[in-house]
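One structure is given below, encoded as structure tokens.
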Amino acid sequence: MLSSYRQIFAAPGSLAFSSTGFIARLPISMTGIGIVTMLSELRGSFGVAGLVSATMAVSAAILGPQVSRLVDRHGQRRIVRPAAALTVLAAIGLLLCARFEAPVWTLFVFAAGMGVMPSTGAMVRARWAHLYRDEGPKLHTAYSFEAVVDEVSFIVGPILSVTLATAVFPEAGVMLSGIFLAVGVALFAAQRSTEPPVHPAARQSGRPVILNRGLQVLILTFVSTGAIFGSVEVVTVAFAKAQGHGATSGPILALWAFGSCLAGVVFGTLKLTGSMAVRFLGGVVLMAVSMVPLVVLAESVNGVGGLVAVGGALLIAGIAISPTLITAAALVERLVPAAQLTEGMTWTITGLALGVATGSSAGGWVVDAAGAAAGYWVPVAAGAFGVVAALAGLGRLRAGLAAGKSALPSAETVDLGR
């Protein structure tokens, strides 16, 4: 198993850009839940906290692809640093407004400004694609490794954010996420030897990547996936608080990410055959089904036992996440031209962001209206929507893969298990 991962790091500079990319990605897992925890403590409402977090997610959905389009056209280093600087400034404004009880509307303004946060995960994957585009098995392993890195960030990030916000002071989680972003982006941008070349001519001559019908299916499905993520985070924080153990929400959410992390490690070593599109659909179905036990357990078990039961259910539910996201990344790499890969990857993240916005907002309102246990119906509904979207778009994904395969040179048609 380990030999598969050692092979991908044989390329000079690969460990450096992946490890610094990990630091720069931590804010993705820390900021949203950090805002929810901070504002629920300072303002006393999960509804307002969820809406502010959702505002940041919607802003990222709008601005993120534009930032990535600039990255594809002008290069990672030239764009990622100013984008990170603007994000940090907006985060400082949000923290100051929260601390000094500024009007609620100011929270939304600065949360929207944080939407220019660069998509470091997409840029890391673009570097892997540049290194191993002609070596399908290695690229599959690299994407799997990055999915594991994502999940590790979702293990470490929520724990740090929630623990600091509840044990030190409410703004501590968001503050640390800003520090990680500044340091991580600075280190990542310094890795110039592995930066993919820009393709200004190809970028200007190609049609907008959002018009790719296969990519549209992934984006729509990822909206539901993001809604699962966003609602589970908000509802789990509320559920733990309702049981009198608010600080345990971070470790509980970490179990979810840990299950996904383990699945991703194993998935990266497999030699896959069959349809990649069908495999993606299967992952979406498993994610949806895995949400159902949360409703049953949260409504039937109280106290510490309820927290343990929900944590166990999330651990099992996490098994479906990484394989689905890994498959989606491989689909994007096959559906989207190389000159638009960062933008294409970011559009899937945009779908996640839109879903997180919807899910966190809906989860917050359901919690305020009907209680924390009832809030778990939101990820169940989101999962059902994702199954419908993936099933309806299965033909588009198959057609896009067939078209992409016929357009590639023979050196680029290494079987990834389509």
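By convention in this document, the chains of the structure tokens carry letters A, B, ... by their order, each chain's residues are numbered from 1, and ligands are numbered from 1 in the order they are shown.
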
Could you pull the residues within 10 Å of A:Gly50, counting only C-alpha atoms, minus those fewer than 4 positions along the same chain, as a list of chain:residue names?
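Using only C-alpha atoms, the neighbours found are A:Gly32, A:Ile33, A:Ile35, A:Val36, A:Thr37, A:Leu39, A:Ser40, A:Ser45, A:Phe46, A:Ala54, A:Thr55, A:Gly230, A:Ser231, A:Val234, A:Val356, A:Ala357, A:Thr358, A:Gly359, A:Ser360, A:Ser361, A:Ala362, A:Gly363, A:Gly364, A:Trp365.
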
Write down as a ChimeraX atom specification the residues of stretch 184-263 of chain A whose backbone DSSP state falls under alpha helix (DSSP H).
/A:184-189,200-205,213-242,249-263

Pick from A:Ala172, A:Ala126, A:Leu211, A:Leu63 nearest to A:Ala339, counting only C-alpha atoms
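Looking at the shortest contact to A:Ala339, the residue is A:Ala126.
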
Who sits within 8 Å of stretch 175-185 of chain A, only C-alpha atoms, same chain under 2 positions skipped, as a list in words:
Thr20, Gly21, Phe22, Ile23, Ala24, Arg25, Leu26, Pro27, Met30, Thr31, Val80, Arg81, Ala84, Ala85, Thr87, Val88, Ala91, Ile92, Leu95, Thr120, Ser161, Glu171, Ala172, Gly173, Leu187, Phe188 and Ala189 of chain A

So what do you get for atom CA of A:Ser224 versus atom CA of A:Met345, distance-wise?
16.7 Å

Neighbouring residues of stretch 247-262 of chain A were defined as those with any atom within 8 Å, considering only C-alpha atoms; residues of the same chain fewer than 2 positions away were excluded. Please report them as a tab-separated table (two decimals) with all heavy atoms, in the first residue's frame.
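The file below, out.tsv, is the result:
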chain	number	residue	atom	x	y	z
A	147	ALA	N	-7.27	13.67	-1.45
A	147	ALA	CA	-8.55	13.52	-0.76
A	147	ALA	C	-8.32	13.17	0.71
A	147	ALA	O	-9.03	13.65	1.60
A	147	ALA	CB	-9.39	12.44	-1.43
A	148	VAL	N	-7.30	12.34	0.97
A	148	VAL	CA	-6.95	12.02	2.35
A	148	VAL	C	-6.46	13.27	3.07
A	148	VAL	O	-6.82	13.52	4.23
A	148	VAL	CB	-5.88	10.91	2.40
A	148	VAL	CG1	-5.36	10.72	3.82
A	148	VAL	CG2	-6.46	9.61	1.87
A	149	VAL	N	-5.64	14.07	2.40
A	149	VAL	CA	-5.17	15.32	2.99
A	149	VAL	C	-6.35	16.23	3.32
A	149	VAL	O	-6.39	16.87	4.38
A	149	VAL	CB	-4.18	16.04	2.04
A	149	VAL	CG1	-3.86	17.44	2.55
A	149	VAL	CG2	-2.90	15.22	1.90
A	151	GLU	N	-9.33	15.28	4.08
A	151	GLU	CA	-10.02	14.74	5.24
A	151	GLU	C	-9.22	14.95	6.52
A	151	GLU	O	-9.81	15.19	7.58
A	151	GLU	CB	-10.32	13.25	5.03
A	151	GLU	CG	-11.25	12.96	3.88
A	151	GLU	CD	-12.52	13.78	3.93
A	151	GLU	OE1	-13.00	14.10	5.04
A	151	GLU	OE2	-13.04	14.12	2.86
A	152	VAL	N	-7.90	14.84	6.44
A	152	VAL	CA	-7.08	15.14	7.61
A	152	VAL	C	-7.30	16.58	8.05
A	152	VAL	O	-7.40	16.88	9.25
A	152	VAL	CB	-5.58	14.87	7.33
A	152	VAL	CG1	-4.71	15.41	8.46
A	152	VAL	CG2	-5.33	13.39	7.13
A	154	PHE	N	-9.99	18.17	7.71
A	154	PHE	CA	-11.30	18.22	8.34
A	154	PHE	C	-11.34	17.46	9.67
A	154	PHE	O	-12.32	17.57	10.41
A	154	PHE	CB	-12.37	17.67	7.40
A	154	PHE	CG	-12.89	18.71	6.45
A	154	PHE	CD1	-12.30	18.88	5.21
A	154	PHE	CD2	-13.94	19.53	6.81
A	154	PHE	CE1	-12.75	19.85	4.34
A	154	PHE	CE2	-14.40	20.50	5.94
A	154	PHE	CZ	-13.81	20.67	4.70
A	155	ILE	N	-10.29	16.70	9.96
A	155	ILE	CA	-10.14	16.14	11.30
A	155	ILE	C	-9.52	17.18	12.22
A	155	ILE	O	-10.02	17.46	13.30
A	155	ILE	CB	-9.26	14.87	11.27
A	155	ILE	CG1	-9.97	13.75	10.51
A	155	ILE	CG2	-8.91	14.41	12.69
A	155	ILE	CD1	-9.10	12.54	10.27
A	156	VAL	N	-8.42	17.77	11.76
A	156	VAL	CA	-7.67	18.72	12.59
A	156	VAL	C	-8.40	20.06	12.71
A	156	VAL	O	-8.52	20.62	13.81
A	156	VAL	CB	-6.26	18.94	12.00
A	156	VAL	CG1	-5.51	20.00	12.79
A	156	VAL	CG2	-5.49	17.63	11.98
A	158	PRO	N	-11.72	21.33	12.42
A	158	PRO	CA	-12.84	21.55	13.33
A	158	PRO	C	-12.47	21.43	14.81
A	158	PRO	O	-12.97	22.18	15.64
A	158	PRO	CB	-13.85	20.47	12.92
A	158	PRO	CG	-13.52	20.18	11.50
A	158	PRO	CD	-12.03	20.30	11.40
A	159	ILE	N	-11.60	20.47	15.12
A	159	ILE	CA	-11.19	20.31	16.51
A	159	ILE	C	-10.49	21.58	17.00
A	159	ILE	O	-10.79	22.12	18.08
A	159	ILE	CB	-10.27	19.09	16.68
A	159	ILE	CG1	-11.05	17.80	16.44
A	159	ILE	CG2	-9.64	19.08	18.07
A	159	ILE	CD1	-10.20	16.55	16.50
A	160	LEU	N	-9.54	22.07	16.19
A	160	LEU	CA	-8.83	23.29	16.57
A	160	LEU	C	-9.79	24.47	16.69
A	160	LEU	O	-9.77	25.21	17.68
A	160	LEU	CB	-7.76	23.61	15.51
A	160	LEU	CG	-6.46	22.81	15.55
A	160	LEU	CD1	-5.59	23.19	14.36
A	160	LEU	CD2	-5.72	23.07	16.85
A	161	SER	N	-10.65	24.63	15.69
A	161	SER	CA	-11.52	25.79	15.65
A	161	SER	C	-12.52	25.80	16.80
A	161	SER	O	-12.66	26.80	17.51
A	161	SER	CB	-12.26	25.82	14.30
A	161	SER	OG	-12.88	27.06	14.10
A	162	VAL	N	-13.21	24.68	16.99
A	162	VAL	CA	-14.22	24.61	18.04
A	162	VAL	C	-13.57	24.67	19.42
A	162	VAL	O	-14.06	25.37	20.32
A	162	VAL	CB	-15.08	23.34	17.89
A	162	VAL	CG1	-16.02	23.18	19.08
A	162	VAL	CG2	-15.89	23.40	16.60
A	163	THR	N	-12.49	23.92	19.60
A	163	THR	CA	-11.83	23.89	20.91
A	163	THR	C	-11.33	25.28	21.30
A	163	THR	O	-11.53	25.73	22.44
A	163	THR	CB	-10.66	22.89	20.92
A	163	THR	OG1	-11.16	21.59	20.60
A	163	THR	CG2	-9.99	22.85	22.28
A	166	THR	N	-14.32	27.66	22.08
A	166	THR	CA	-15.06	27.39	23.31
A	166	THR	C	-14.19	27.44	24.56
A	166	THR	O	-14.68	27.76	25.65
A	166	THR	CB	-15.73	26.00	23.23
A	166	THR	OG1	-14.75	25.00	22.94
A	166	THR	CG2	-16.80	25.98	22.15
A	233	GLU	N	-22.49	19.84	9.93
A	233	GLU	CA	-21.63	20.63	10.82
A	233	GLU	C	-22.46	21.46	11.79
A	233	GLU	O	-22.26	21.42	13.01
A	233	GLU	CB	-20.71	21.53	10.01
A	233	GLU	CG	-19.54	20.83	9.37
A	233	GLU	CD	-18.53	21.79	8.77
A	233	GLU	OE1	-18.80	23.01	8.82
A	233	GLU	OE2	-17.50	21.34	8.28
A	236	THR	N	-24.67	19.25	14.15
A	236	THR	CA	-23.89	18.52	15.15
A	236	THR	C	-23.40	19.45	16.26
A	236	THR	O	-23.40	19.07	17.44
A	236	THR	CB	-22.69	17.81	14.48
A	236	THR	OG1	-23.20	16.88	13.51
A	236	THR	CG2	-21.87	17.05	15.50
A	237	VAL	N	-22.98	20.66	15.90
A	237	VAL	CA	-22.61	21.65	16.93
A	237	VAL	C	-23.80	21.91	17.84
A	237	VAL	O	-23.67	21.93	19.08
A	237	VAL	CB	-22.13	22.96	16.28
A	237	VAL	CG1	-21.97	24.05	17.34
A	237	VAL	CG2	-20.80	22.75	15.56
A	240	ALA	N	-24.64	18.71	20.05
A	240	ALA	CA	-23.71	18.54	21.16
A	240	ALA	C	-23.98	19.58	22.26
A	240	ALA	O	-23.94	19.26	23.45
A	240	ALA	CB	-22.27	18.67	20.66
A	241	LYS	N	-24.30	20.80	21.84
A	241	LYS	CA	-24.60	21.85	22.81
A	241	LYS	C	-25.88	21.53	23.57
A	241	LYS	O	-25.98	21.76	24.78
A	241	LYS	CB	-24.71	23.20	22.09
A	241	LYS	CG	-24.74	24.40	23.03
A	241	LYS	CD	-24.64	25.70	22.25
A	241	LYS	CE	-24.59	26.90	23.19
A	241	LYS	NZ	-24.47	28.18	22.43
A	245	HIS	N	-22.68	19.26	26.07
A	245	HIS	CA	-21.27	18.97	25.80
A	245	HIS	C	-20.85	19.64	24.49
A	245	HIS	O	-20.43	18.96	23.55
A	245	HIS	CB	-21.02	17.46	25.75
A	245	HIS	CG	-21.36	16.74	27.01
A	245	HIS	ND1	-20.51	16.69	28.10
A	245	HIS	CD2	-22.48	16.06	27.37
A	245	HIS	CE1	-21.09	15.99	29.07
A	245	HIS	NE2	-22.29	15.60	28.66
A	264	GLY	N	-10.23	6.77	1.93
A	264	GLY	CA	-9.41	7.35	0.88
A	264	GLY	C	-8.06	6.68	0.76
A	264	GLY	O	-7.55	6.47	-0.35
A	265	VAL	N	-7.44	6.34	1.90
A	265	VAL	CA	-6.14	5.67	1.88
A	265	VAL	C	-6.24	4.33	1.15
A	265	VAL	O	-5.40	4.00	0.30
A	265	VAL	CB	-5.62	5.46	3.32
A	265	VAL	CG1	-4.40	4.55	3.32
A	265	VAL	CG2	-5.27	6.80	3.95
A	266	VAL	N	-7.26	3.57	1.47
A	266	VAL	CA	-7.44	2.27	0.83
A	266	VAL	C	-7.80	2.43	-0.65
A	266	VAL	O	-7.27	1.75	-1.52
A	266	VAL	CB	-8.53	1.45	1.55
A	266	VAL	CG1	-8.82	0.16	0.81
A	266	VAL	CG2	-8.11	1.17	2.99
A	307	LEU	N	-24.50	11.33	21.87
A	307	LEU	CA	-23.31	11.85	21.22
A	307	LEU	C	-22.43	10.72	20.69
A	307	LEU	O	-21.90	10.79	19.59
A	307	LEU	CB	-22.52	12.71	22.21
A	307	LEU	CG	-23.19	14.01	22.65
A	307	LEU	CD1	-22.40	14.68	23.76
A	307	LEU	CD2	-23.33	14.97	21.47
A	310	VAL	N	-24.22	9.20	17.57
A	310	VAL	CA	-24.08	10.06	16.40
A	310	VAL	C	-22.64	10.03	15.88
A	310	VAL	O	-22.41	9.98	14.66
A	310	VAL	CB	-24.52	11.50	16.73
A	310	VAL	CG1	-24.09	12.48	15.63
A	310	VAL	CG2	-26.02	11.57	16.92
A	311	GLY	N	-21.67	10.04	16.79
A	311	GLY	CA	-20.28	9.96	16.37
A	311	GLY	C	-19.97	8.67	15.64
A	311	GLY	O	-19.28	8.67	14.61
A	312	GLY	N	-20.51	7.55	16.13
A	312	GLY	CA	-20.30	6.28	15.45
A	312	GLY	C	-20.94	6.24	14.08
A	312	GLY	O	-20.36	5.72	13.12
A	314	LEU	N	-21.51	8.81	12.17
A	314	LEU	CA	-20.73	9.68	11.28
A	314	LEU	C	-19.44	9.00	10.84
A	314	LEU	O	-18.99	9.19	9.70
A	314	LEU	CB	-20.43	11.01	11.97
A	314	LEU	CG	-21.60	11.99	12.06
A	314	LEU	CD1	-21.22	13.20	12.90
A	314	LEU	CD2	-22.06	12.44	10.67
A	315	LEU	N	-18.82	8.24	11.74
A	315	LEU	CA	-17.61	7.51	11.37
A	315	LEU	C	-17.88	6.57	10.20
A	315	LEU	O	-17.12	6.52	9.23
A	315	LEU	CB	-17.10	6.73	12.58
A	315	LEU	CG	-15.89	5.81	12.35
A	315	LEU	CD1	-14.66	6.63	11.99
A	315	LEU	CD2	-15.63	4.95	13.59
A	316	ILE	N	-18.98	5.84	10.27
A	316	ILE	CA	-19.34	4.92	9.19
A	316	ILE	C	-19.74	5.69	7.94
A	316	ILE	O	-19.37	5.33	6.82
A	316	ILE	CB	-20.49	4.00	9.65
A	316	ILE	CG1	-20.01	3.12	10.82
A	316	ILE	CG2	-20.99	3.13	8.50
A	316	ILE	CD1	-21.10	2.31	11.47
A	317	ALA	N	-20.47	6.79	8.12
A	317	ALA	CA	-20.92	7.59	6.97
A	317	ALA	C	-19.74	8.16	6.19
A	317	ALA	O	-19.81	8.34	4.97
A	317	ALA	CB	-21.83	8.71	7.44
A	318	GLY	N	-18.65	8.44	6.90
A	318	GLY	CA	-17.49	9.03	6.24
A	318	GLY	C	-16.84	8.13	5.21
A	318	GLY	O	-16.14	8.62	4.31
A	319	ILE	N	-17.11	6.83	5.27
A	319	ILE	CA	-16.48	5.89	4.34
A	319	ILE	C	-16.84	6.20	2.89
A	319	ILE	O	-16.04	5.94	1.97
A	319	ILE	CB	-16.87	4.44	4.70
A	319	ILE	CG1	-16.28	4.07	6.07
A	319	ILE	CG2	-16.42	3.45	3.65
A	319	ILE	CD1	-16.75	2.73	6.60
A	320	ALA	N	-18.00	6.77	2.67
A	320	ALA	CA	-18.44	7.05	1.29
A	320	ALA	C	-17.86	8.34	0.72
A	320	ALA	O	-17.91	8.56	-0.49
A	320	ALA	CB	-19.97	7.12	1.23
A	321	ILE	N	-17.30	9.20	1.56
A	321	ILE	CA	-16.96	10.55	1.10
A	321	ILE	C	-15.74	10.57	0.19
A	321	ILE	O	-15.81	11.01	-0.97
A	321	ILE	CB	-16.74	11.49	2.31
A	321	ILE	CG1	-18.03	11.64	3.10
A	321	ILE	CG2	-16.26	12.86	1.82
A	321	ILE	CD1	-17.89	12.46	4.36
A	322	SER	N	-14.59	10.13	0.69
A	322	SER	CA	-13.36	10.23	-0.10
A	322	SER	C	-13.44	9.53	-1.44
A	322	SER	O	-13.06	10.11	-2.47
A	322	SER	CB	-12.17	9.69	0.70
A	322	SER	OG	-11.62	10.71	1.50

To one decimal place, how far is atom CA of A:Ala102 from atom CA of A:Gly34 in Å?
18.3 Å

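Straight-line separation from atom CA of A:Lys138 to atom CA of A:Arg192: 21.7 Å.
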
Using only C-alpha atoms, which protein or nucleic acid residues come within 9 Å of A:Ala298? Drop anything in the same chain fewer than 5 positions from it, and give the result as a list in words.
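With the cut-off at 9 Å, the set is Phe239, Pro293, Gly306, Leu307, Ala309, Val310, Ala372, Ala373, Ala374 and Tyr376 of chain A.
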
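Using only C-alpha atoms, the smallest distance between any of A:Ile79, A:Val174, A:Ala390, A:Leu331 and A:Gln66 comes from A:Ile79.
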
Using only C-alpha atoms, determine which residues lie at most 12 Å from A:Ala288, disregarding the query and same-chain residues fewer than 2 positions distant; provide the list as a VMD selection string.
chain A and resid 221 224 to 225 227 to 229 281 to 286 290 to 294 317 to 321 324 377 to 388 390

Contacts of A:Asn212 at 10 Å or less, counting only C-alpha atoms, minus same-chain residues fewer than 3 places along, as a compact mmCIF listing (two decimals) with C-alpha atoms, in the first residue's frame?
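So the final result, stored in result-v8.txt, reads:
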# COMPACT_ATOMS: atom_id res chain seq x y z
CA ARG A 207 -15.46 27.97 -24.58
CA PRO A 208 -16.38 28.69 -20.93
CA VAL A 209 -15.75 25.56 -18.91
CA LEU A 215 -19.12 19.22 -15.36
CA GLN A 216 -22.61 20.65 -14.83
CA VAL A 217 -23.72 17.27 -13.48
CA LEU A 335 -13.90 16.21 -18.86
CA VAL A 336 -12.07 19.58 -18.82
CA GLY A 344 -12.91 23.22 -13.63
CA ARG A 396 -23.98 13.11 -19.68
CA GLY A 400 -18.33 13.40 -21.72
